[in-house]
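Q: This is data-v6.cif (mmCIF, C-alpha atoms and all ligand atoms).
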```
data_work
loop_
_atom_site.label_atom_id
_atom_site.label_comp_id
_atom_site.auth_asym_id
_atom_site.auth_seq_id
_atom_site.Cartn_x
_atom_site.Cartn_y
_atom_site.Cartn_z
CA MET A 94 90.80 79.05 95.92
CA LYS A 95 94.53 79.59 96.60
CA ALA A 96 97.01 76.77 95.98
CA VAL A 97 99.54 76.68 98.83
CA THR A 98 102.96 74.98 98.83
CA ILE A 99 104.51 74.27 102.23
CA LEU A 100 108.28 73.94 102.47
CA GLY A 101 108.81 72.18 105.80
CA ALA A 102 105.26 70.76 106.03
CA THR A 103 106.07 68.24 108.80
CA GLY A 104 107.39 70.82 111.27
CA SER A 105 105.72 73.04 113.83
CA VAL A 106 104.91 75.92 111.43
CA GLY A 107 103.97 73.40 108.72
CA THR A 108 101.52 71.66 111.06
CA SER A 109 99.88 74.96 112.08
CA THR A 110 99.62 75.96 108.40
CA LEU A 111 97.88 72.67 107.55
CA ASP A 112 95.46 73.23 110.42
CA ILE A 113 94.43 76.59 108.92
CA ILE A 114 94.08 75.05 105.45
CA ARG A 115 92.00 72.14 106.83
CA ARG A 116 89.58 74.65 108.38
CA ALA A 117 89.15 76.70 105.19
CA PRO A 118 88.69 74.16 102.37
CA ASP A 119 86.81 76.73 100.29
CA LYS A 120 89.80 79.12 100.37
CA PHE A 121 92.93 77.00 100.22
CA ARG A 122 94.22 73.75 98.77
CA VAL A 123 97.67 72.18 99.06
CA ALA A 124 99.96 72.14 96.00
CA ALA A 125 103.37 70.75 97.05
CA VAL A 126 104.74 69.67 100.45
CA THR A 127 108.29 68.95 101.63
CA ALA A 128 110.16 67.47 104.59
CA GLN A 129 113.74 66.37 105.26
CA THR A 130 113.55 62.83 106.72
CA ASN A 131 110.04 62.25 108.04
CA ALA A 132 108.67 60.31 105.05
CA ALA A 133 105.79 58.75 107.01
CA LYS A 134 104.37 62.08 108.14
CA LEU A 135 104.97 63.70 104.75
CA ALA A 136 103.11 60.88 102.96
CA GLN A 137 100.21 61.12 105.39
CA ILE A 138 100.00 64.92 104.85
CA ALA A 139 100.22 64.55 101.06
CA ILE A 140 97.40 61.98 101.02
CA GLU A 141 95.13 63.83 103.45
CA HIS A 142 95.50 67.15 101.61
CA ARG A 143 95.64 65.63 98.10
CA ALA A 144 98.92 67.36 97.31
CA GLU A 145 100.21 67.22 93.74
CA LEU A 146 103.86 66.82 94.73
CA ALA A 147 105.69 65.54 97.84
CA VAL A 148 109.46 66.00 98.17
CA ILE A 149 111.82 64.63 100.79
CA GLY A 150 115.17 66.42 101.19
CA ASP A 151 117.16 63.38 102.31
CA GLU A 152 117.59 61.11 99.28
CA ALA A 153 117.99 58.08 101.55
CA CYS A 154 114.30 58.46 102.45
CA TYR A 155 113.08 58.52 98.83
CA GLY A 156 112.24 54.80 98.69
CA GLU A 157 110.05 54.99 101.78
CA LEU A 158 108.17 58.04 100.48
CA ARG A 159 107.70 56.49 97.02
CA ASP A 160 106.36 53.24 98.54
CA ARG A 161 103.98 55.06 100.88
CA LEU A 162 102.60 57.16 98.01
CA ALA A 163 102.48 54.32 95.44
CA GLY A 164 99.16 54.38 93.58
CA SER A 165 98.12 57.75 95.04
CA GLY A 166 98.87 59.69 91.86
CA ILE A 167 101.03 62.09 93.92
CA GLU A 168 104.32 62.95 92.25
CA VAL A 169 107.36 62.17 94.43
CA GLY A 170 110.83 63.71 94.50
CA ALA A 171 113.97 63.73 96.65
CA GLY A 172 117.14 65.74 97.19
CA PRO A 173 118.13 69.41 97.07
CA SER A 174 117.11 70.04 93.46
CA ALA A 175 113.70 68.43 94.06
CA LEU A 176 113.20 70.81 97.04
CA ILE A 177 113.79 73.70 94.63
CA ALA A 178 111.37 72.12 92.13
CA ALA A 179 108.78 71.96 94.93
CA ALA A 180 109.30 75.69 95.62
CA GLU A 181 108.78 76.38 91.91
CA HIS A 182 105.76 74.05 91.52
CA PRO A 183 102.69 76.03 90.34
CA ALA A 184 101.06 77.63 93.40
CA ASP A 185 99.67 80.98 94.51
CA CYS A 186 101.49 81.05 97.83
CA VAL A 187 104.61 79.38 99.24
CA VAL A 188 104.96 78.99 103.00
CA ALA A 189 108.71 78.91 103.74
CA ALA A 190 108.99 76.89 106.95
CA ILE A 191 112.18 74.88 106.60
CA THR A 192 114.40 75.39 109.63
CA GLY A 193 117.85 76.95 109.35
CA ALA A 194 120.05 78.03 106.45
CA ALA A 195 119.00 74.80 104.68
CA GLY A 196 115.88 76.75 103.72
CA LEU A 197 117.83 79.39 101.82
CA ALA A 198 118.03 77.85 98.32
CA PRO A 199 114.37 76.70 98.11
CA THR A 200 113.04 79.90 99.72
CA LEU A 201 115.09 82.02 97.33
CA ALA A 202 113.76 79.93 94.43
CA ALA A 203 110.23 80.75 95.60
CA ALA A 204 111.16 84.44 95.89
CA ARG A 205 112.15 84.54 92.20
CA LEU A 206 108.64 83.70 91.01
CA GLY A 207 106.67 86.81 91.91
CA ARG A 208 104.05 84.99 94.01
CA ARG A 209 102.96 85.37 97.63
CA LEU A 210 105.76 84.21 99.94
CA ALA A 211 104.71 83.65 103.57
CA LEU A 212 108.07 83.66 105.32
CA ALA A 213 108.83 81.81 108.56
CA ASN A 214 112.43 80.84 107.71
CA LYS A 215 114.16 83.87 109.25
CA GLU A 216 117.60 82.31 108.82
CA CYS A 217 117.47 82.90 105.06
CA LEU A 218 116.97 86.65 105.57
CA VAL A 219 119.73 86.69 108.19
CA ALA A 220 122.21 84.86 105.94
CA ALA A 221 121.39 86.56 102.64
CA GLY A 222 119.32 89.65 103.50
CA ASP A 223 120.41 91.99 100.67
CA ILE A 224 120.37 89.31 97.98
CA PHE A 225 117.05 87.94 99.21
CA MET A 226 115.33 91.34 99.33
CA ALA A 227 116.72 92.34 95.90
CA THR A 228 115.26 89.09 94.51
CA VAL A 229 111.89 89.84 96.12
CA ARG A 230 111.83 93.38 94.68
CA ASN A 231 112.94 92.36 91.19
CA SER A 232 110.39 89.56 90.91
CA GLY A 233 107.49 91.48 92.43
CA THR A 234 107.09 88.77 95.08
CA GLU A 235 104.59 89.66 97.76
CA LEU A 236 106.50 88.97 100.97
CA VAL A 237 104.37 88.50 104.09
CA PRO A 238 106.33 87.59 107.24
CA ILE A 239 104.79 84.98 109.54
CA ASP A 240 107.22 85.28 112.41
CA SER A 241 104.72 86.65 114.96
CA GLU A 242 106.57 89.90 115.77
CA HIS A 243 107.20 90.70 112.10
CA SER A 244 103.65 89.79 111.15
CA GLY A 245 102.58 92.29 113.81
CA VAL A 246 104.81 95.06 112.40
CA PHE A 247 103.65 94.20 108.87
CA GLN A 248 100.04 94.64 109.97
CA LEU A 249 100.78 97.89 111.84
CA LEU A 250 102.53 99.38 108.81
CA ALA A 251 99.72 98.61 106.36
CA GLY A 252 98.66 101.99 105.01
CA ALA A 253 101.10 103.82 107.33
CA ASP A 254 103.45 106.64 106.37
CA THR A 255 106.60 104.55 106.72
CA ARG A 256 108.85 107.65 106.47
CA ALA A 257 107.44 108.64 109.87
CA ILE A 258 108.53 105.48 111.71
CA GLU A 259 110.68 106.42 114.69
CA ARG A 260 111.21 103.05 116.37
CA ILE A 261 110.19 99.43 116.10
CA VAL A 262 110.13 97.35 119.28
CA LEU A 263 110.13 93.56 119.08
CA THR A 264 109.16 91.76 122.25
CA ALA A 265 110.80 88.58 123.57
CA SER A 266 109.26 86.20 126.09
CA GLY A 267 112.68 85.85 127.73
CA GLY A 268 112.53 82.07 127.23
CA PRO A 269 112.57 79.35 129.87
CA PHE A 270 115.72 80.67 131.59
CA ARG A 271 114.67 84.25 132.26
CA GLY A 272 115.97 85.12 135.72
CA TRP A 273 118.38 82.16 135.93
CA SER A 274 121.89 82.84 137.30
CA LEU A 275 124.98 82.19 135.15
CA GLU A 276 125.86 79.22 137.42
CA ARG A 277 122.46 77.66 136.78
CA LEU A 278 122.61 78.44 133.05
CA ALA A 279 125.94 76.61 132.82
CA GLN A 280 124.12 73.40 133.89
CA ALA A 281 120.92 73.91 131.84
CA THR A 282 119.93 70.72 130.02
CA PRO A 283 118.42 70.51 126.50
CA GLU A 284 115.17 69.21 128.06
CA GLU A 285 114.90 72.36 130.19
CA ALA A 286 115.82 74.58 127.26
CA LEU A 287 113.20 72.96 125.00
CA LYS A 288 110.39 73.74 127.45
CA HIS A 289 109.36 77.15 126.17
CA PRO A 290 106.96 78.89 128.57
CA LYS A 291 104.68 80.34 125.85
CA TRP A 292 105.28 78.83 122.40
CA ASN A 293 105.35 75.26 121.17
CA MET A 294 108.01 75.24 118.44
CA GLY A 295 110.63 73.10 116.71
CA PRO A 296 113.84 72.27 118.63
CA LYS A 297 116.22 74.72 116.93
CA ILE A 298 114.08 77.84 117.42
CA SER A 299 113.27 76.70 120.98
CA ILE A 300 116.98 76.68 121.87
CA ASP A 301 117.41 80.01 120.07
CA SER A 302 114.62 81.40 122.24
CA ALA A 303 116.37 80.17 125.38
CA THR A 304 119.67 81.89 124.41
CA LEU A 305 117.84 84.96 122.99
CA MET A 306 119.61 84.32 119.67
CA ASN A 307 116.13 83.98 118.21
CA LYS A 308 115.48 87.63 119.05
CA GLY A 309 118.88 88.52 117.60
CA LEU A 310 117.98 86.76 114.34
CA GLU A 311 114.62 88.55 114.42
CA LEU A 312 116.36 91.90 114.85
CA ILE A 313 118.29 91.23 111.63
CA GLU A 314 115.11 89.96 109.98
CA ALA A 315 113.29 93.18 110.91
CA TYR A 316 116.15 95.29 109.57
CA TYR A 317 115.75 93.70 106.12
CA LEU A 318 111.96 93.62 106.11
CA PHE A 319 111.14 97.16 107.22
CA PRO A 320 112.42 100.61 106.14
CA VAL A 321 114.39 101.46 109.31
CA GLU A 322 118.02 101.54 110.43
CA ALA A 323 119.36 98.94 112.86
CA GLU A 324 119.49 101.45 115.72
CA GLN A 325 115.76 102.14 115.32
CA ILE A 326 114.95 98.53 116.30
CA ASP A 327 114.76 97.65 120.01
CA VAL A 328 114.06 94.46 121.92
CA VAL A 329 112.08 94.39 125.16
CA VAL A 330 111.38 91.32 127.30
CA HIS A 331 107.65 90.75 127.80
CA PRO A 332 107.10 87.40 129.56
CA GLN A 333 103.35 87.17 128.82
CA SER A 334 103.97 87.14 125.01
CA ILE A 335 100.77 89.08 124.34
CA VAL A 336 102.18 92.27 122.84
CA HIS A 337 104.30 91.08 119.91
CA CYS A 338 105.63 94.41 118.68
CA LEU A 339 105.20 98.17 118.88
CA VAL A 340 105.80 100.88 116.29
CA THR A 341 106.41 104.48 117.38
CA PHE A 342 105.77 107.21 114.79
CA GLU A 343 107.29 110.71 114.68
CA ASP A 344 104.13 112.26 116.13
CA GLY A 345 104.63 110.20 119.32
CA SER A 346 101.83 107.77 118.56
CA VAL A 347 102.63 104.15 119.45
CA LEU A 348 100.77 101.26 117.80
CA ALA A 349 101.03 97.75 119.19
CA GLN A 350 99.88 94.36 117.92
CA LEU A 351 98.45 91.99 120.53
CA SER A 352 97.16 88.45 120.44
CA CYS A 353 97.36 85.18 122.34
CA PRO A 354 100.61 83.41 121.47
CA ASP A 355 99.40 81.06 118.70
CA MET A 356 101.23 80.81 115.37
CA ARG A 357 97.95 80.14 113.59
CA ILE A 358 97.20 83.87 113.83
CA PRO A 359 100.25 85.16 111.88
CA ILE A 360 99.99 82.19 109.51
CA SER A 361 96.35 83.10 108.74
CA VAL A 362 97.54 86.63 107.99
CA GLY A 363 100.30 85.24 105.76
CA LEU A 364 97.89 83.08 103.78
CA ALA A 365 94.89 85.38 103.47
CA TRP A 366 96.22 88.96 103.63
CA PRO A 367 94.68 91.48 103.05
CA GLU A 368 91.62 89.36 103.82
CA ARG A 369 91.04 88.27 107.45
CA ILE A 370 89.91 84.70 108.01
CA PRO A 371 88.58 83.10 111.21
CA SER A 372 91.31 81.54 113.37
CA PRO A 373 90.77 78.94 116.09
CA ALA A 374 93.29 80.68 118.37
CA ALA A 375 92.17 81.65 121.88
CA ARG A 376 90.95 85.23 122.23
CA LEU A 377 92.54 87.81 124.50
CA ASP A 378 90.92 88.44 127.86
CA LEU A 379 92.66 91.54 129.20
CA VAL A 380 90.83 91.46 132.53
CA ALA A 381 91.90 87.87 133.15
CA LEU A 382 95.48 88.79 132.22
CA GLN A 383 95.45 91.69 134.70
CA SER A 384 98.92 92.93 133.88
CA LEU A 385 101.43 93.05 131.06
CA THR A 386 105.04 93.55 132.11
CA PHE A 387 108.14 94.68 130.26
CA GLU A 388 111.85 94.65 131.14
CA ALA A 389 115.20 95.21 129.44
CA PRO A 390 116.98 92.08 128.14
CA ASP A 391 120.01 91.00 130.20
CA LEU A 392 122.87 91.00 127.70
CA GLU A 393 125.37 89.66 130.26
CA ARG A 394 123.53 86.40 130.80
CA PHE A 395 122.13 86.28 127.26
CA PRO A 396 124.88 87.75 125.04
CA ALA A 397 123.53 86.19 121.83
CA LEU A 398 121.26 89.18 121.26
CA ARG A 399 124.23 91.55 121.47
CA LEU A 400 126.24 89.31 119.10
CA ALA A 401 123.48 89.42 116.50
CA ARG A 402 123.41 93.22 116.65
CA GLU A 403 127.21 93.27 116.27
CA ALA A 404 126.97 91.01 113.22
CA LEU A 405 124.34 93.30 111.70
CA ASP A 406 126.60 96.32 112.32
CA LEU A 407 129.56 94.49 110.76
CA GLY A 408 127.37 93.77 107.73
CA GLY A 409 128.39 91.72 104.67
CA THR A 410 128.77 88.03 105.44
CA ALA A 411 128.92 88.54 109.25
CA PRO A 412 125.24 87.60 109.84
CA ALA A 413 125.64 84.47 107.66
CA ILE A 414 128.69 83.43 109.71
CA LEU A 415 126.86 84.18 112.99
CA ASN A 416 123.86 82.13 111.87
CA ALA A 417 125.91 79.14 110.69
CA ALA A 418 128.05 79.11 113.85
CA ASN A 419 124.88 79.26 115.94
CA GLU A 420 123.33 76.31 114.06
CA VAL A 421 126.42 74.16 114.72
CA ALA A 422 126.59 75.21 118.39
CA VAL A 423 122.87 74.48 118.90
CA GLU A 424 123.26 71.05 117.29
CA SER A 425 126.22 70.32 119.55
CA TYR A 426 124.26 71.40 122.64
CA LEU A 427 121.23 69.29 121.68
CA ALA A 428 123.58 66.32 121.21
CA ARG A 429 125.01 67.02 124.71
CA ARG A 430 128.52 67.56 123.39
CA SER A 431 128.66 71.08 124.86
CA GLY A 432 126.87 73.25 127.39
CA PHE A 433 124.24 75.96 127.14
CA LEU A 434 126.67 78.84 127.66
CA ASP A 435 128.97 77.39 124.97
CA ILE A 436 126.42 78.36 122.32
CA ALA A 437 126.93 82.12 122.60
CA ARG A 438 130.63 81.71 123.46
CA THR A 439 131.20 79.70 120.28
CA VAL A 440 129.36 82.25 118.15
CA ALA A 441 131.36 85.11 119.73
CA THR A 442 134.69 83.39 119.06
CA CYS A 443 133.71 82.59 115.47
CA LEU A 444 132.73 86.20 114.77
CA ASP A 445 136.02 87.45 116.29
CA ARG A 446 138.07 85.00 114.24
CA ALA A 447 136.18 85.86 111.05
CA VAL A 448 136.85 89.57 111.60
CA GLN A 449 140.52 89.02 112.41
CA ALA A 450 141.03 86.79 109.38
CA GLY A 451 139.36 89.34 107.08
CA LEU A 452 136.55 86.92 106.22
CA ILE A 453 133.72 89.46 106.40
CA ARG A 454 132.99 90.50 102.81
CA THR A 455 130.09 91.82 100.80
CA PRO A 456 128.43 88.76 99.24
CA GLN A 457 127.73 89.21 95.51
CA SER A 458 125.87 85.95 94.97
CA LEU A 459 124.19 83.01 96.65
CA ASP A 460 127.48 81.11 96.24
CA ASP A 461 129.24 83.77 98.35
CA VAL A 462 126.57 83.38 101.04
CA MET A 463 126.89 79.59 100.98
CA ALA A 464 130.69 79.95 101.26
CA ALA A 465 130.25 82.21 104.31
CA ASP A 466 127.82 79.68 105.78
CA ALA A 467 130.43 76.92 105.29
CA THR A 468 133.10 79.14 106.90
CA GLY A 469 130.87 79.78 109.93
CA ARG A 470 130.26 76.04 110.34
CA GLU A 471 133.95 75.20 110.04
CA LEU A 472 134.96 77.87 112.54
CA ALA A 473 132.32 76.65 115.01
CA ARG A 474 133.37 73.00 114.67
CA ASP A 475 136.99 74.01 115.36
CA VAL A 476 136.02 76.06 118.42
CA LEU A 477 133.86 73.26 119.83
CA ALA A 478 136.45 70.56 119.07
CA ALA A 479 139.16 72.60 120.84
CA LYS A 480 136.86 72.94 123.84
CA VAL A 481 136.31 69.17 124.02
CA ALA A 482 140.04 68.50 123.55
CA GLY A 483 140.87 71.16 126.19
P1 LIG B 1 110.64 72.33 112.84
O1 LIG B 1 111.96 71.78 113.26
O2 LIG B 1 109.44 72.00 113.63
O3 LIG B 1 110.34 71.89 111.31
C1 LIG B 1 111.30 72.06 110.31
C2 LIG B 1 110.80 71.58 108.98
O4 LIG B 1 111.86 71.70 108.02
C3 LIG B 1 110.39 70.12 108.95
O5 LIG B 1 109.42 69.92 107.95
C4 LIG B 1 111.70 69.41 108.57
O6 LIG B 1 111.50 68.13 107.99
C5 LIG B 1 112.24 70.39 107.55
N1 LIG B 1 113.70 70.37 107.48
C6 LIG B 1 114.58 70.25 108.52
N2 LIG B 1 115.85 70.27 108.05
C7 LIG B 1 115.76 70.40 106.71
C8 LIG B 1 116.74 70.44 105.66
N3 LIG B 1 118.05 70.35 105.92
N4 LIG B 1 116.30 70.56 104.39
C9 LIG B 1 114.97 70.63 104.11
N5 LIG B 1 114.01 70.58 105.05
C10 LIG B 1 114.41 70.47 106.34
O7 LIG B 1 110.85 73.91 112.71
P2 LIG B 1 109.78 75.07 113.01
O8 LIG B 1 108.51 74.79 112.28
O9 LIG B 1 109.75 75.36 114.45
O10 LIG B 1 110.50 76.32 112.34
C11 LIG B 1 110.60 76.46 110.92
C12 LIG B 1 111.10 77.86 110.60
O11 LIG B 1 110.11 78.80 111.04
C13 LIG B 1 112.40 78.24 111.32
O12 LIG B 1 113.16 79.04 110.48
C14 LIG B 1 111.93 79.04 112.52
O13 LIG B 1 112.86 79.98 112.95
C15 LIG B 1 110.69 79.73 111.93
N6 LIG B 1 109.68 80.08 112.93
C16 LIG B 1 109.08 79.11 113.68
C17 LIG B 1 108.12 79.42 114.63
C18 LIG B 1 107.42 78.35 115.42
O14 LIG B 1 106.48 78.67 116.16
N7 LIG B 1 107.80 77.10 115.31
C19 LIG B 1 107.76 80.82 114.88
C20 LIG B 1 108.39 81.75 113.99
C21 LIG B 1 109.34 81.39 113.07
P3 LIG B 1 111.56 66.77 108.94
O15 LIG B 1 110.31 66.82 109.76
O16 LIG B 1 111.60 65.66 107.98
O17 LIG B 1 112.82 66.92 109.75
#
```
Please express what this file holds, its structure, as structure tokens.
Ligand code: NDP
A:
Amino acid sequence: MKAVTILGATGSVGTSTLDIIRRAPDKFRVAAVTAQTNAAKLAQIAIEHRAELAVIGDEACYGELRDRLAGSGIEVGAGPSALIAAAEHPADCVVAAITGAAGLAPTLAAARLGRRLALANKECLVAAGDIFMATVRNSGTELVPIDSEHSGVFQLLAGADTRAIERIVLTASGGPFRGWSLERLAQATPEEALKHPKWNMGPKISIDSATLMNKGLELIEAYYLFPVEAEQIDVVVHPQSIVHCLVTFEDGSVLAQLSCPDMRIPISVGLAWPERIPSPAARLDLVALQSLTFEAPDLERFPALRLAREALDLGGTAPAILNAANEVAVESYLARRSGFLDIARTVATCLDRAVQAGLIRTPQSLDDVMAADATGRELARDVLAAKVAG
């Protein structure tokens, strides 16, 4: 019986994780759960799964959580240090499913403990890749990615001669705006952007999928997770979202990982690996699918992917600045203060300004990463404010 802690239990990945746990009560139990503001849902999850600890990030929601869990025997906490305590609570596996750079400190805390870490929070690898991976290596943490493409590569590389990897290809669905003209993209509403054709996900990653920044963040994630150089990682648009990734080896052999697009598959891998457990996800019917298609991403209409590669090439704090600027620009778009195309434009301007001002440095510590994150946010707010004023 594995004890599982879920950071971000109320979200899309958190909900899918709880579904897997509910279906395998002989294999998993819940240790600690966290959320940011949704005290009602967190309390309901904690009670249903008999968690030992429930933590809410926003201290203003502590009273509600405490009242809802009164008499349950479940320990309650609130605030940033309680989120870290939840990550460190005794467990066999931590599922890191907080959205954005906010997940960095608790996920890093979990990575220091030498347990299984099932990683969904790609932003923490993007912002602090070297520091994060050094922590994982030093602690002996068993890192299993649950982003579907990276879970696929992880599975393909099990037992492989990794020195013989030639290329890794990550596929992208292309998002809801694949094929849209720039004129149409300029008018795209958050409602349209949130309607992902293949995956049902939280709002931030849904917008990132529409801009293709999600694939850019995944490119950086893959660079840190797997033993390849940045130029060995490619992105191909595959609208059916059936093939999640391909690995080419030096002998010309290409392995691919396929499945229906359902996060419960990579999450099952993350929880049970190397064991395989039954998943309720739909099974592939290749005959019904008839065809799988692939095309090159359009970097003119979706420049975010190119920007992420540029940030990776710049190295140091550039990816942290890119990520933070993107988070602010996505928030602004969701709040209807700016347009869809402003997201990538804002990120591009922030990266340029950071380079020109000599702000790209090699981070030595988490504090340096957090400072770069703050810089990226400040730059993005300035760019967006100037746009509104202009
Ligand atoms: P959601 O927005 O659905 O859920 C986010 C979770 O994090 C919620 O529990 C939320 O709590 C909590 N949270 C939000 N802000 C904070 C904060 N500042 N501090 C602490 N906790 C916070 O996100 P997803 O589940 O879609 O995504 C989670 C992560 O997984 C992201 O990094 C994403 O890129 C990655 N991922 C997601 C996939 C998906 O299919 N959804 C696929 C692959 C990767 P509350 O409910 O209270 O706001």
Q: As number ranges by chain, please: the residues near Arg271 in chain A (cut-off 12 Å, all atoms listed in the file, same-chain neighbours under 3 positions excluded).
A: A: 265-268, 274-275, 277-278, 286, 289-290, 302-305, 330-332, 388-392, 394-395
Q: Which of these residues is nearest to ligand LIG 1 (chain B), using all atoms listed in the file: A:Ala213, A:Leu382, A:Ala184, A:Ala279?
A: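 Between A:Ala213, A:Leu382, A:Ala184, A:Ala279, the residue approaching ligand LIG 1 (chain B) most closely is A:Ala213.
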Q: Please compute the CA of Ile114 in chain A-atom O5 of ligand LIG 1 (chain B) distance, one decimal, in Å.
A: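 Interatomic distance, CA of Ile114 in chain A to atom O5 of ligand LIG 1 (chain B): 16.4 Å.
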Q: Between A:Ala257, A:Ala189, A:Val219, A:Ile113, single out the one closest to ligand LIG 1 (chain B), counting only C-alpha atoms and all ligand atoms.
A: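 Going through A:Ala257, A:Ala189, A:Val219, A:Ile113 one by one, the smallest distance to ligand LIG 1 (chain B) is for A:Ala189.
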Q: If you take only C-alpha atoms and all ligand atoms and a cut-off of 9 Å, which residues of chain A touch ligand LIG 1 (chain B), and what are their nearest atom pairs and distances in Å to one decimal, in chain and number order, as CSV?
A:
```
residue,atom,partner,partner_atom,distance
A:Ile99,CA,B:LIG1,O5,8.7
A:Leu100,CA,B:LIG1,O5,6.9
A:Gly101,CA,B:LIG1,O5,3.2
A:Ala102,CA,B:LIG1,O5,4.7
A:Thr103,CA,B:LIG1,O5,3.8
A:Gly104,CA,B:LIG1,O3,3.1
A:Ser105,CA,B:LIG1,O8,3.6
A:Val106,CA,B:LIG1,O8,3.9
A:Gly107,CA,B:LIG1,O8,5.9
A:Thr108,CA,B:LIG1,O8,7.8
A:Ser109,CA,B:LIG1,O14,8.6
A:Val126,CA,B:LIG1,O5,8.8
A:Thr127,CA,B:LIG1,O5,6.5
A:Ala128,CA,B:LIG1,O6,3.7
A:Gln129,CA,B:LIG1,O16,3.5
A:Thr130,CA,B:LIG1,O16,3.7
A:Asn131,CA,B:LIG1,O16,3.8
A:Ala132,CA,B:LIG1,O16,6.8
A:Lys134,CA,B:LIG1,O15,7.8
A:Leu135,CA,B:LIG1,O16,7.6
A:Ile149,CA,B:LIG1,O16,7.3
A:Gly150,CA,B:LIG1,C9,5.1
A:Asp151,CA,B:LIG1,N4,7.5
A:Gly172,CA,B:LIG1,N4,8.7
A:Pro173,CA,B:LIG1,N4,7.6
A:Leu176,CA,B:LIG1,C9,7.3
A:Ala189,CA,B:LIG1,C12,7.3
A:Ala190,CA,B:LIG1,C11,4.3
A:Ile191,CA,B:LIG1,O4,3.5
A:Thr192,CA,B:LIG1,C13,3.9
A:Gly193,CA,B:LIG1,O12,5.3
A:Ala194,CA,B:LIG1,N3,8.0
A:Ala195,CA,B:LIG1,N3,4.7
A:Gly196,CA,B:LIG1,C9,6.2
A:Pro199,CA,B:LIG1,C9,8.6
A:Leu212,CA,B:LIG1,O11,7.8
A:Ala213,CA,B:LIG1,O11,4.1
A:Asn214,CA,B:LIG1,O12,3.4
A:Lys215,CA,B:LIG1,O12,5.1
A:Glu216,CA,B:LIG1,O12,5.8
A:Cys217,CA,B:LIG1,O12,7.9
A:Ile239,CA,B:LIG1,C20,6.6
A:Asp240,CA,B:LIG1,C20,4.0
A:Ser241,CA,B:LIG1,C20,6.2
A:Glu242,CA,B:LIG1,C20,8.5
A:Trp292,CA,B:LIG1,O14,6.4
A:Asn293,CA,B:LIG1,O14,6.2
A:Met294,CA,B:LIG1,N7,3.6
A:Gly295,CA,B:LIG1,O9,3.3
A:Pro296,CA,B:LIG1,O1,5.7
A:Lys297,CA,B:LIG1,O1,6.3
A:Ile298,CA,B:LIG1,O13,5.1
A:Ser299,CA,B:LIG1,O9,7.5
A:Asp301,CA,B:LIG1,O13,8.4
A:Asn307,CA,B:LIG1,O13,7.4
A:Leu310,CA,B:LIG1,O13,8.6
A:Glu311,CA,B:LIG1,O13,8.9
A:Asp355,CA,B:LIG1,O14,7.9
A:Met356,CA,B:LIG1,O14,5.7
```
Q: Please return the centre and edge lengths, in Å to one decimal, of a box with edges along x, y and z that contains all listed atoms of range 371-374 of chain A, widened by 8 Å on every side, as lines of an AutoDock Vina configuration file.
A:
```
center_x = 90.9
center_y = 81.0
center_z = 114.8
size_x = 20.7
size_y = 20.2
size_z = 23.2
```
Q: Just the number, please: distance in Å from CA of Ala144 in chain A to CA of Ile177 in chain A, one decimal.
A: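 If I compute the distance from CA of Ala144 in chain A to CA of Ile177 in chain A, I get 16.4 Å.
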Q: Which residue, A:Ala227, A:Val246, A:Ala482, A:Leu236, has the smallest gap to Val347 in chain A when you use all atoms listed in the file?
A: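 The answer is A:Val246, which sits nearest to Val347 in chain A.
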Q: How far is it from CA of Gln457 in chain A to CA of Ala220 in chain A, in Å with one decimal?
A: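 Separating CA of Gln457 in chain A from CA of Ala220 in chain A is a distance of 12.6 Å.
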Q: Set the distance at 9 Å and use only C-alpha atoms: which residues neighbour Asp406 in chain A once local chain neighbours fewer than 5 positions away are removed? I'd like the list as an NGL selection string.
A: :A and (323 or 401 or 411)
